[in-house]
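J.: Here you go, this is my_file.tsv (TSV, C-alpha atoms and all ligand atoms).
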```
chain	number	residue	atom	x	y	z
O	1	MET	CA	0.00	0.00	0.00
O	2	SER	CA	1.16	3.52	-0.65
O	3	GLU	CA	1.22	6.11	2.12
O	4	VAL	CA	-2.35	7.18	2.89
O	5	THR	CA	-3.20	10.00	0.54
O	6	TYR	CA	-6.43	11.24	-0.97
O	7	PHE	CA	-6.95	13.08	-4.23
O	8	THR	CA	-9.79	15.41	-5.07
O	9	HIS	CA	-11.94	14.80	-8.10
O	10	LYS	CA	-14.53	17.51	-8.79
O	11	GLY	CA	-14.48	18.49	-5.14
O	12	ILE	CA	-14.84	14.94	-3.77
O	13	LEU	CA	-12.11	13.06	-1.90
O	14	PHE	CA	-10.99	9.61	-3.06
O	15	PRO	CA	-8.22	7.37	-1.71
O	16	ILE	CA	-5.22	7.24	-4.01
O	17	ASP	CA	-5.23	3.44	-3.80
O	18	PHE	CA	-7.83	1.73	-6.02
O	19	TYR	CA	-9.24	4.95	-7.58
O	20	THR	CA	-8.05	7.13	-10.45
O	21	THR	CA	-9.28	10.33	-12.07
O	22	GLU	CA	-9.16	8.54	-15.39
O	23	ASN	CA	-11.56	5.82	-14.25
O	24	LEU	CA	-13.87	8.32	-12.56
O	25	LEU	CA	-14.11	10.29	-15.81
O	26	TYR	CA	-14.73	7.08	-17.72
O	27	VAL	CA	-17.51	6.12	-15.29
O	28	GLU	CA	-19.20	9.48	-15.62
O	29	ASN	CA	-18.90	10.06	-19.35
O	30	GLU	CA	-18.38	6.78	-21.15
O	31	PHE	CA	-19.74	3.90	-19.13
O	32	GLN	CA	-22.92	2.65	-20.80
O	33	PHE	CA	-25.78	1.21	-18.81
O	34	LEU	CA	-27.66	-1.75	-20.20
O	35	ASP	CA	-31.42	-1.79	-19.66
O	36	ASP	CA	-31.23	-4.96	-17.59
O	37	ASP	CA	-28.52	-3.64	-15.24
O	38	VAL	CA	-29.32	-3.43	-11.54
O	39	MET	CA	-27.30	-0.83	-9.67
O	40	ASN	CA	-26.95	-0.57	-5.89
O	41	VAL	CA	-26.17	3.03	-4.91
O	42	VAL	CA	-25.27	3.70	-1.28
O	43	TYR	CA	-23.26	6.34	0.58
O	44	PRO	CA	-20.44	4.54	2.47
O	45	LYS	CA	-21.43	2.70	5.65
O	46	SER	CA	-25.15	2.90	4.92
O	47	GLY	CA	-25.90	-0.72	3.99
O	48	THR	CA	-24.11	-1.33	0.67
O	49	HIS	CA	-23.14	-4.91	1.49
O	50	TRP	CA	-26.53	-5.67	2.96
O	51	MET	CA	-28.45	-4.53	-0.10
O	52	SER	CA	-25.94	-6.27	-2.38
O	53	GLU	CA	-26.48	-9.55	-0.56
O	54	ILE	CA	-30.26	-9.14	-0.76
O	55	LEU	CA	-30.11	-8.45	-4.51
O	56	CYS	CA	-27.80	-11.43	-5.09
O	57	LEU	CA	-30.07	-13.74	-3.11
O	58	ILE	CA	-33.18	-12.51	-4.92
O	59	ARG	CA	-31.48	-13.07	-8.26
O	60	HIS	CA	-30.96	-16.73	-7.29
O	61	GLU	CA	-34.46	-17.17	-5.80
O	62	GLY	CA	-33.08	-17.40	-2.26
O	63	ASP	CA	-30.50	-20.09	-3.08
O	64	PRO	CA	-27.39	-19.08	-1.05
O	65	THR	CA	-24.88	-21.05	-3.17
O	66	TRP	CA	-23.71	-17.96	-5.09
O	67	VAL	CA	-23.29	-15.71	-2.05
O	68	ARG	CA	-21.44	-18.45	-0.18
O	69	ASN	CA	-19.00	-19.20	-2.97
O	70	VAL	CA	-18.22	-15.96	-4.80
O	71	ASN	CA	-16.84	-12.84	-3.19
O	72	LEU	CA	-19.26	-9.94	-2.97
O	73	TRP	CA	-16.95	-7.61	-4.90
O	74	ASN	CA	-17.00	-10.09	-7.81
O	75	ARG	CA	-20.77	-10.61	-7.64
O	76	THR	CA	-21.46	-6.87	-7.48
O	77	PRO	CA	-18.39	-4.91	-8.58
O	78	TRP	CA	-17.93	-1.26	-7.58
O	79	ILE	CA	-17.71	0.69	-10.85
O	80	GLU	CA	-15.69	3.59	-9.40
O	81	VAL	CA	-12.89	1.22	-8.35
O	82	VAL	CA	-10.42	0.59	-11.18
O	83	GLU	CA	-10.51	-3.20	-10.79
O	84	GLY	CA	-14.28	-3.11	-10.24
O	85	MET	CA	-14.82	-1.38	-13.56
O	86	LYS	CA	-12.74	-4.06	-15.31
O	87	LEU	CA	-15.04	-6.68	-13.77
O	88	ALA	CA	-18.16	-4.69	-14.71
O	89	LEU	CA	-17.08	-4.53	-18.34
O	90	LYS	CA	-16.74	-8.27	-18.62
O	91	TYR	CA	-19.74	-9.15	-16.44
O	92	PRO	CA	-22.21	-11.31	-18.37
O	93	PRO	CA	-25.58	-9.50	-18.37
O	94	PRO	CA	-27.77	-9.02	-16.48
O	95	ARG	CA	-25.24	-7.16	-14.36
O	96	LEU	CA	-25.47	-6.39	-10.66
O	97	LEU	CA	-23.31	-3.39	-9.84
O	98	ASN	CA	-22.40	-1.28	-6.82
O	99	THR	CA	-21.40	2.31	-6.31
O	100	HIS	CA	-20.90	4.88	-3.57
O	101	LEU	CA	-20.83	7.72	-6.11
O	102	PRO	CA	-22.75	10.96	-5.66
O	103	ILE	CA	-25.23	11.75	-8.43
O	104	GLN	CA	-22.98	14.30	-10.17
O	105	LEU	CA	-20.30	11.66	-10.79
O	106	PHE	CA	-22.72	8.89	-11.74
O	107	PRO	CA	-22.74	7.62	-15.36
O	108	LYS	CA	-24.62	10.07	-17.56
O	109	SER	CA	-25.91	7.15	-19.60
O	110	ILE	CA	-28.49	6.52	-16.86
O	111	LEU	CA	-30.58	9.33	-18.35
O	112	HIS	CA	-31.38	7.14	-21.37
O	113	SER	CA	-31.51	3.78	-19.65
O	114	LYS	CA	-34.11	1.61	-17.96
O	115	ALA	CA	-31.47	0.14	-15.63
O	116	LYS	CA	-32.93	-0.29	-12.15
O	117	ILE	CA	-31.34	1.78	-9.41
O	118	PHE	CA	-31.59	1.06	-5.69
O	119	TYR	CA	-30.70	3.86	-3.28
O	120	THR	CA	-30.32	3.06	0.42
O	121	ALA	CA	-29.93	5.83	3.00
O	122	ARG	CA	-29.10	5.45	6.71
O	123	ASN	CA	-29.33	7.67	9.77
O	124	PRO	CA	-26.24	9.86	9.26
O	125	LYS	CA	-25.30	9.65	12.94
O	126	ASP	CA	-25.01	5.87	12.60
O	127	VAL	CA	-23.17	6.34	9.30
O	128	LEU	CA	-20.70	8.59	11.09
O	129	VAL	CA	-20.05	6.00	13.81
O	130	SER	CA	-19.73	3.12	11.37
O	131	PHE	CA	-17.41	5.23	9.14
O	132	TYR	CA	-15.29	6.16	12.16
O	133	HIS	CA	-14.69	2.54	13.15
O	134	PHE	CA	-14.24	1.38	9.57
O	135	SER	CA	-11.62	4.07	8.93
O	136	LYS	CA	-9.45	2.59	11.67
O	137	THR	CA	-9.42	-0.79	9.94
O	138	GLN	CA	-8.68	0.24	6.35
O	139	ARG	CA	-5.05	1.07	5.68
O	140	TYR	CA	-5.91	3.20	2.60
O	141	LEU	CA	-8.08	5.50	4.74
O	142	LYS	CA	-6.78	8.27	6.96
O	143	ASP	CA	-6.80	7.64	10.68
O	144	PRO	CA	-10.07	9.23	11.83
O	145	GLY	CA	-8.51	10.70	14.99
O	146	THR	CA	-11.00	11.29	17.80
O	147	VAL	CA	-14.77	11.06	17.36
O	148	GLU	CA	-14.85	14.86	17.77
O	149	GLU	CA	-12.32	15.33	14.96
O	150	PHE	CA	-14.01	12.87	12.64
O	151	LEU	CA	-17.41	14.42	13.36
O	152	GLU	CA	-16.18	17.74	11.96
O	153	GLU	CA	-14.67	16.10	8.89
O	154	PHE	CA	-17.91	14.21	8.29
O	155	LEU	CA	-20.17	17.23	8.74
O	156	ASN	CA	-17.95	19.25	6.40
O	157	GLY	CA	-17.92	16.53	3.75
O	158	LYS	CA	-14.15	16.09	4.12
O	159	VAL	CA	-14.43	12.32	3.91
O	160	ILE	CA	-14.22	9.98	0.95
O	161	PHE	CA	-17.23	10.25	-1.37
O	162	GLY	CA	-18.00	13.70	0.03
O	163	SER	CA	-20.83	15.09	2.08
O	164	TRP	CA	-23.62	12.77	3.27
O	165	PHE	CA	-26.05	15.68	2.90
O	166	ASP	CA	-25.11	16.37	-0.71
O	167	HIS	CA	-25.18	12.67	-1.54
O	168	VAL	CA	-28.67	12.11	-0.19
O	169	LYS	CA	-30.08	15.38	-1.54
O	170	GLY	CA	-28.55	14.75	-4.96
O	171	TRP	CA	-30.04	11.29	-5.20
O	172	LEU	CA	-33.40	12.46	-3.88
O	173	GLU	CA	-33.70	14.57	-7.02
O	174	MET	CA	-33.95	11.32	-8.96
O	175	LYS	CA	-36.58	9.77	-6.73
O	176	ASP	CA	-39.60	10.29	-8.97
O	177	ARG	CA	-38.05	8.42	-11.88
O	178	ALA	CA	-39.73	5.10	-12.57
O	179	ASN	CA	-36.46	3.16	-12.42
O	180	ILE	CA	-35.30	4.27	-8.98
O	181	PHE	CA	-36.16	2.60	-5.67
O	182	PHE	CA	-35.53	4.43	-2.40
O	183	ILE	CA	-35.23	2.62	0.90
O	184	THR	CA	-33.51	3.13	4.24
O	185	TYR	CA	-31.30	0.92	6.37
O	186	GLU	CA	-33.84	1.47	9.14
O	187	GLU	CA	-36.69	0.07	7.01
O	188	LEU	CA	-34.59	-3.00	6.26
O	189	GLN	CA	-34.03	-3.41	9.99
O	190	GLN	CA	-37.65	-2.88	10.89
O	191	ASP	CA	-39.17	-5.18	8.31
O	192	LEU	CA	-36.66	-7.13	6.25
O	193	ARG	CA	-39.25	-9.54	4.85
O	194	GLY	CA	-41.61	-6.74	3.78
O	195	SER	CA	-38.65	-4.87	2.27
O	196	VAL	CA	-37.54	-7.95	0.32
O	197	GLU	CA	-41.08	-8.33	-1.03
O	198	ARG	CA	-41.10	-4.69	-2.15
O	199	ILE	CA	-37.70	-5.10	-3.78
O	200	CYS	CA	-38.92	-8.21	-5.63
O	201	ARG	CA	-41.97	-6.34	-6.93
O	202	PHE	CA	-39.79	-3.50	-8.20
O	203	LEU	CA	-37.51	-6.01	-9.93
O	204	GLY	CA	-40.50	-7.86	-11.39
O	205	LYS	CA	-39.20	-11.02	-9.75
O	206	GLU	CA	-41.72	-13.46	-8.30
O	207	LEU	CA	-40.42	-15.50	-5.37
O	208	ASN	CA	-42.53	-17.92	-3.37
O	209	SER	CA	-42.79	-17.70	0.39
O	210	GLN	CA	-40.00	-20.21	1.09
O	211	GLN	CA	-37.66	-18.44	-1.31
O	212	ILE	CA	-38.35	-15.13	0.42
O	213	ASP	CA	-37.71	-16.77	3.80
O	214	SER	CA	-34.35	-17.92	2.49
O	215	VAL	CA	-33.42	-14.43	1.26
O	216	VAL	CA	-34.31	-13.01	4.68
O	217	GLU	CA	-32.40	-15.70	6.56
O	218	ASN	CA	-29.28	-15.51	4.41
O	219	ALA	CA	-29.18	-11.70	4.40
O	220	SER	CA	-29.46	-11.53	8.18
O	221	PHE	CA	-26.63	-9.91	10.08
O	222	HIS	CA	-25.52	-13.13	11.75
O	223	LYS	CA	-25.41	-15.06	8.45
O	224	MET	CA	-23.53	-12.28	6.66
O	225	LYS	CA	-21.12	-11.89	9.56
O	226	ASP	CA	-20.16	-15.55	9.15
O	227	ASN	CA	-20.09	-15.53	5.35
O	228	LYS	CA	-16.43	-15.12	4.40
O	229	MET	CA	-17.53	-14.11	0.89
O	230	SER	CA	-19.35	-11.05	2.25
O	231	ASN	CA	-17.65	-10.08	5.50
O	232	PHE	CA	-14.25	-8.70	4.30
O	233	SER	CA	-12.35	-11.46	6.14
O	234	GLN	CA	-10.61	-12.35	2.88
O	235	ILE	CA	-9.19	-8.87	2.39
O	236	ALA	CA	-5.40	-8.90	2.51
O	237	ASP	CA	-3.74	-7.74	5.73
O	238	ASP	CA	-1.91	-4.97	3.91
O	239	VAL	CA	-5.28	-3.44	2.96
O	240	MET	CA	-7.26	-4.10	6.13
O	241	ASP	CA	-5.96	-4.37	9.67
O	242	HIS	CA	-8.21	-7.19	10.83
O	243	THR	CA	-7.07	-6.75	14.43
O	244	LYS	CA	-8.78	-3.34	14.55
O	245	GLY	CA	-12.33	-4.29	13.62
O	246	LYS	CA	-14.75	-5.91	11.21
O	247	LEU	CA	-16.98	-4.76	8.37
O	248	MET	CA	-19.92	-6.48	10.08
O	249	ARG	CA	-19.42	-4.54	13.28
O	250	LYS	CA	-22.76	-4.21	15.13
O	251	GLY	CA	-25.45	-3.98	12.46
O	252	ILE	CA	-27.91	-2.04	14.58
O	253	CYS	CA	-29.79	1.27	14.52
O	254	GLY	CA	-28.95	3.94	17.06
O	255	ASP	CA	-25.39	2.94	17.99
O	256	TRP	CA	-24.57	6.67	17.72
O	257	LYS	CA	-26.05	7.05	21.22
O	258	ASN	CA	-23.09	5.07	22.54
O	259	HIS	CA	-20.55	7.32	20.84
O	260	LEU	CA	-21.77	10.92	20.65
O	261	THR	CA	-22.04	13.22	23.63
O	262	VAL	CA	-25.22	15.27	24.05
O	263	ALA	CA	-23.33	18.35	22.84
O	264	GLN	CA	-22.00	16.52	19.77
O	265	SER	CA	-25.45	15.18	18.97
O	266	GLU	CA	-27.03	18.63	19.28
O	267	HIS	CA	-24.33	20.12	17.07
O	268	PHE	CA	-25.00	17.37	14.53
O	269	ASP	CA	-28.74	18.15	14.67
O	270	ARG	CA	-28.11	21.84	13.97
O	271	VAL	CA	-25.92	21.09	10.95
O	272	TYR	CA	-28.48	18.52	9.78
O	273	GLN	CA	-31.34	21.05	9.99
O	274	GLU	CA	-29.35	23.65	8.06
O	275	ASN	CA	-28.37	21.22	5.34
O	276	MET	CA	-31.69	19.43	4.98
O	277	ARG	CA	-33.87	22.54	5.00
O	278	GLY	CA	-36.32	22.34	2.12
O	279	VAL	CA	-36.03	18.56	1.74
O	280	LYS	CA	-39.59	17.26	1.46
O	281	MET	CA	-38.92	13.66	2.45
O	282	THR	CA	-39.35	12.43	6.04
O	283	PHE	CA	-36.82	9.82	7.12
O	284	PRO	CA	-37.21	7.23	9.91
O	285	TRP	CA	-34.60	9.11	11.99
O	286	ASP	CA	-36.27	12.55	11.68
X	301	LIG	S1	-19.10	0.03	2.95
X	301	LIG	O1	-17.77	-0.43	3.42
X	301	LIG	O2	-19.13	1.51	2.84
X	301	LIG	O3	-19.53	-0.61	1.71
X	301	LIG	O4	-20.07	-0.38	4.15
X	301	LIG	P1	-21.63	-0.69	4.04
X	301	LIG	O5	-21.80	-2.08	3.58
X	301	LIG	O6	-22.31	0.40	3.28
X	301	LIG	O7	-22.11	-0.54	5.55
X	301	LIG	C1	-21.58	-1.33	6.59
X	301	LIG	C2	-22.56	-1.28	7.72
X	301	LIG	O8	-23.71	-2.10	7.40
X	301	LIG	C3	-23.87	-3.08	8.43
X	301	LIG	N1	-24.44	-4.31	7.86
X	301	LIG	C4	-25.60	-4.85	8.28
X	301	LIG	N2	-26.49	-4.45	9.20
X	301	LIG	C5	-27.56	-5.25	9.42
X	301	LIG	N3	-27.78	-6.41	8.77
X	301	LIG	C6	-26.91	-6.85	7.83
X	301	LIG	N4	-27.14	-8.00	7.20
X	301	LIG	C7	-25.76	-6.05	7.54
X	301	LIG	N5	-24.71	-6.17	6.70
X	301	LIG	C8	-23.91	-5.10	6.91
X	301	LIG	C9	-22.47	-3.28	8.96
X	301	LIG	O9	-22.48	-3.94	10.21
X	301	LIG	C10	-21.99	-1.83	9.03
X	301	LIG	O10	-22.64	-1.10	10.08
X	301	LIG	P2	-22.05	-0.94	11.54
X	301	LIG	O11	-22.92	0.08	12.20
X	301	LIG	O12	-20.63	-0.50	11.43
X	301	LIG	O13	-22.20	-2.29	12.21
```
How does the structure come out when it is put into structure tokens?

T.:
Amino acid sequence: MSEVTYFTHKGILFPIDFYTTENLLYVENEFQFLDDDVMNVVYPKSGTHWMSEILCLIRHEGDPTWVRNVNLWNRTPWIEVVEGMKLALKYPPPRLLNTHLPIQLFPKSILHSKAKIFYTARNPKDVLVSFYHFSKTQRYLKDPGTVEEFLEEFLNGKVIFGSWFDHVKGWLEMKDRANIFFITYEELQQDLRGSVERICRFLGKELNSQQIDSVVENASFHKMKDNKMSNFSQIADDVMDHTKGKLMRKGICGDWKNHLTVAQSEHFDRVYQENMRGVKMTFPWD
């Protein structure tokens, strides 16, 4: 690994390892969607792996063989990652793809495509906490410092993939398009079965009750935590310091209450109100 450094592309920070300006420009301007593509769009630490696993299981009618035998980054490559794009370009359709990209860096070809887009949002306070812990484990990410320090970086959008507020607001502008499906991490937590049924309807995929049960069971936190193809345990030690934490950390809503002081939480709320003013949507955490 090189020394931890970020570069800025159109105002957004990216780690120098795994990402290049060239690939980001390719993604935005040249990558072509196919109408049968399914794209999982998620701000970091908001449920990317969870939604990926759900989509993979639905694709195989609840049969867990694929998710247990093929790594998640091969099943659902991240298009903004150089190696992920190579995988995406040779992926036999119908493709299942991932991205953390904000709307302004997303492939322009979506405007003329029927590709189905899933957007999952999560309580930003829980995103912050998850991001903080994750940053300690990934050697290509800067040390987050204290919670107080990371809180400021997060609220100012000085983290990889930019501001949570801009990401969510940008994607909300797409929400009335027929090919976009909005959901939250909290809805998945509250009613995973009902969420899976809604996702199936949007995909036009009919699963019977047993198949849905299997999707729900195999996408549960405890199953994913033990699935070495989904839990990051196979990531090389020079990329991830496995002694410092796990991708599947707690998998709960509201862990922020264990990490933020009252003052930090109130400060967060003020910045949230300022940034989300005018947003019509009500979220489970509002
Ligand atoms: S990443 O690295 O940005 O792609 O991370 P991402 O997958 O978006 O988010 C990781 C958090 O999602 C939690 N997670 C789950 N929660 C509940 N159920 C399931 N099945 C599940 N799978 C992943 C994971 O534990 C991270 O949250 P925290 O709060 O850190 O536990």

J.: What do you get as a VMD selection string if you pick all residues at most 7 Å from ligand LIG 301 (chain X), counting all atoms listed in the file?

T.: chain O and resid 42 to 50 126 to 127 129 to 131 133 to 134 189 219 to 221 224 247 to 252 255

J.: Out of O:Val82, O:Ile117, O:Ile199, O:Val4, which residue has the shortest atom-to-atom distance to Arg59 of chain O when counting only C-alpha atoms?

T.: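 Under the stated criterion, the closest residue is O:Ile199.
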
J.: Could you work out an axis-aligned box for segment 145-162 of chain O, taking every atom the file lists and adding 8 Å on each side, and report centre and edge lengths in Å to one decimal, as lines of an AutoDock Vina configuration file?

T.:
```
center_x = -14.3
center_y = 14.6
center_z = 8.2
size_x = 27.7
size_y = 25.3
size_z = 35.2
```

J.: Counting all atoms listed in the file, select every polymer residue within 6 Å of (-32.5, -17.3, -2.4) as defined in the file's coordinates, and provide the selection as a ChimeraX atom specification.

T.: /O:57-58,60-64,211,214-215

J.: Restricting the calculation to only C-alpha atoms, which member of O:Asn123, O:Ser113, O:Gln104, O:Asn23 is positioned closest to Trp78 of chain O?

T.: O:Asn23

J.: Could you name the residues that touch Met276 of chain O at 10 Å or less, counting all atoms listed in the file, but leaving out those on the same chain fewer than 6 positions away, as a short mmCIF file (atom, residue, chain, number, x, y, z; two decimals) with C-alpha atoms, in the coordinates of the input?

T.:
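File written: out.cif
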```
data_model
loop_
_atom_site.label_atom_id
_atom_site.label_comp_id
_atom_site.auth_asym_id
_atom_site.auth_seq_id
_atom_site.Cartn_x
_atom_site.Cartn_y
_atom_site.Cartn_z
CA PHE O 165 -26.05 15.68 2.90
CA ASP O 166 -25.11 16.37 -0.71
CA VAL O 168 -28.67 12.11 -0.19
CA LYS O 169 -30.08 15.38 -1.54
CA ARG O 270 -28.11 21.84 13.97
#
```

J.: Could you tell me, as an MDAnalysis selection string, which residues have any atom at most 12 Å from (-12.7, 8.7, -6.6), counting only C-alpha atoms?

T.: chainID O and resid 5:28 78:82 99:102 105:106 159:162

J.: Calculate how many Å separate atom CA of Thr184 of chain O from atom CA of Arg122 of chain O, rounding to one decimal.

T.: 5.6 Å

J.: Would you please work out which residue, of O:Val67, O:Leu172, O:Leu87, O:Leu72, is nearest to Phe232 of chain O when using only C-alpha atoms?

T.: O:Leu72

J.: Go through O:Asn179, O:Thr137, O:Gln32, O:Gln273 one by one, measure the shortest atom-to-atom distance of each to Ala88 of chain O using all atoms listed in the file, and give the residue with the smallest value.

T.: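 Between O:Asn179, O:Thr137, O:Gln32, O:Gln273, the residue approaching Ala88 of chain O most closely is O:Gln32.
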
J.: I need the residue nearest Glu197 of chain O from this list: O:Met85, O:Leu260, O:Leu55, O:Val41. Use all atoms listed in the file for the distance.

T.: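 Counting all atoms listed in the file, the residue closest to Glu197 of chain O is O:Leu55.
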
J.: When you count all atoms listed in the file, which of these residues is closest to Thr120 of chain O: O:Arg139, O:Lys86, O:Arg75, O:Lys175?

T.: O:Lys175

J.: Quote the spacing between atom CA of Phe181 of chain O and atom CA of Asp269 of chain O in Å to one decimal place.

T.: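 These two atoms are separated by 26.7 Å.
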
J.: Quick one: everything within 12 Å of Val271 of chain O, counting all atoms listed in the file, minus sequence neighbours fewer than 2 positions away in the same chain. Send it as a list of chain:residue names.

T.: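 After dropping sequence-adjacent residues, the list is O:Pro124, O:Lys125, O:Leu151, O:Glu152, O:Phe154, O:Leu155, O:Asn156, O:Gly157, O:Ser163, O:Trp164, O:Phe165, O:Gln264, O:Ser265, O:Glu266, O:His267, O:Phe268, O:Asp269, O:Gln273, O:Glu274, O:Asn275, O:Met276, O:Arg277.
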
J.: Generate the output file for the selected residues, C-alpha atoms, as a PDB file, in the coordinates of the input.

T.:
```pdb
ATOM      1  CA  PRO O 124     -26.240   9.860   9.260  1.00  0.00           C
ATOM      2  CA  LYS O 125     -25.300   9.650  12.940  1.00  0.00           C
ATOM      3  CA  LEU O 151     -17.410  14.420  13.360  1.00  0.00           C
ATOM      4  CA  GLU O 152     -16.180  17.740  11.960  1.00  0.00           C
ATOM      5  CA  PHE O 154     -17.910  14.210   8.290  1.00  0.00           C
ATOM      6  CA  LEU O 155     -20.170  17.230   8.740  1.00  0.00           C
ATOM      7  CA  ASN O 156     -17.950  19.250   6.400  1.00  0.00           C
ATOM      8  CA  GLY O 157     -17.920  16.530   3.750  1.00  0.00           C
ATOM      9  CA  SER O 163     -20.830  15.090   2.080  1.00  0.00           C
ATOM     10  CA  TRP O 164     -23.620  12.770   3.270  1.00  0.00           C
ATOM     11  CA  PHE O 165     -26.050  15.680   2.900  1.00  0.00           C
ATOM     12  CA  GLN O 264     -22.000  16.520  19.770  1.00  0.00           C
ATOM     13  CA  SER O 265     -25.450  15.180  18.970  1.00  0.00           C
ATOM     14  CA  GLU O 266     -27.030  18.630  19.280  1.00  0.00           C
ATOM     15  CA  HIS O 267     -24.330  20.120  17.070  1.00  0.00           C
ATOM     16  CA  PHE O 268     -25.000  17.370  14.530  1.00  0.00           C
ATOM     17  CA  ASP O 269     -28.740  18.150  14.670  1.00  0.00           C
ATOM     18  CA  GLN O 273     -31.340  21.050   9.990  1.00  0.00           C
ATOM     19  CA  GLU O 274     -29.350  23.650   8.060  1.00  0.00           C
ATOM     20  CA  ASN O 275     -28.370  21.220   5.340  1.00  0.00           C
ATOM     21  CA  MET O 276     -31.690  19.430   4.980  1.00  0.00           C
ATOM     22  CA  ARG O 277     -33.870  22.540   5.000  1.00  0.00           C
TER      23      ARG O 277
END
```

J.: Please indicate the distance in Å from atom CA of Asn40 of chain O to atom CA of Asp213 of chain O, rounded to one decimal place.

T.: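 Computing it gives 21.7 Å between the two atoms.
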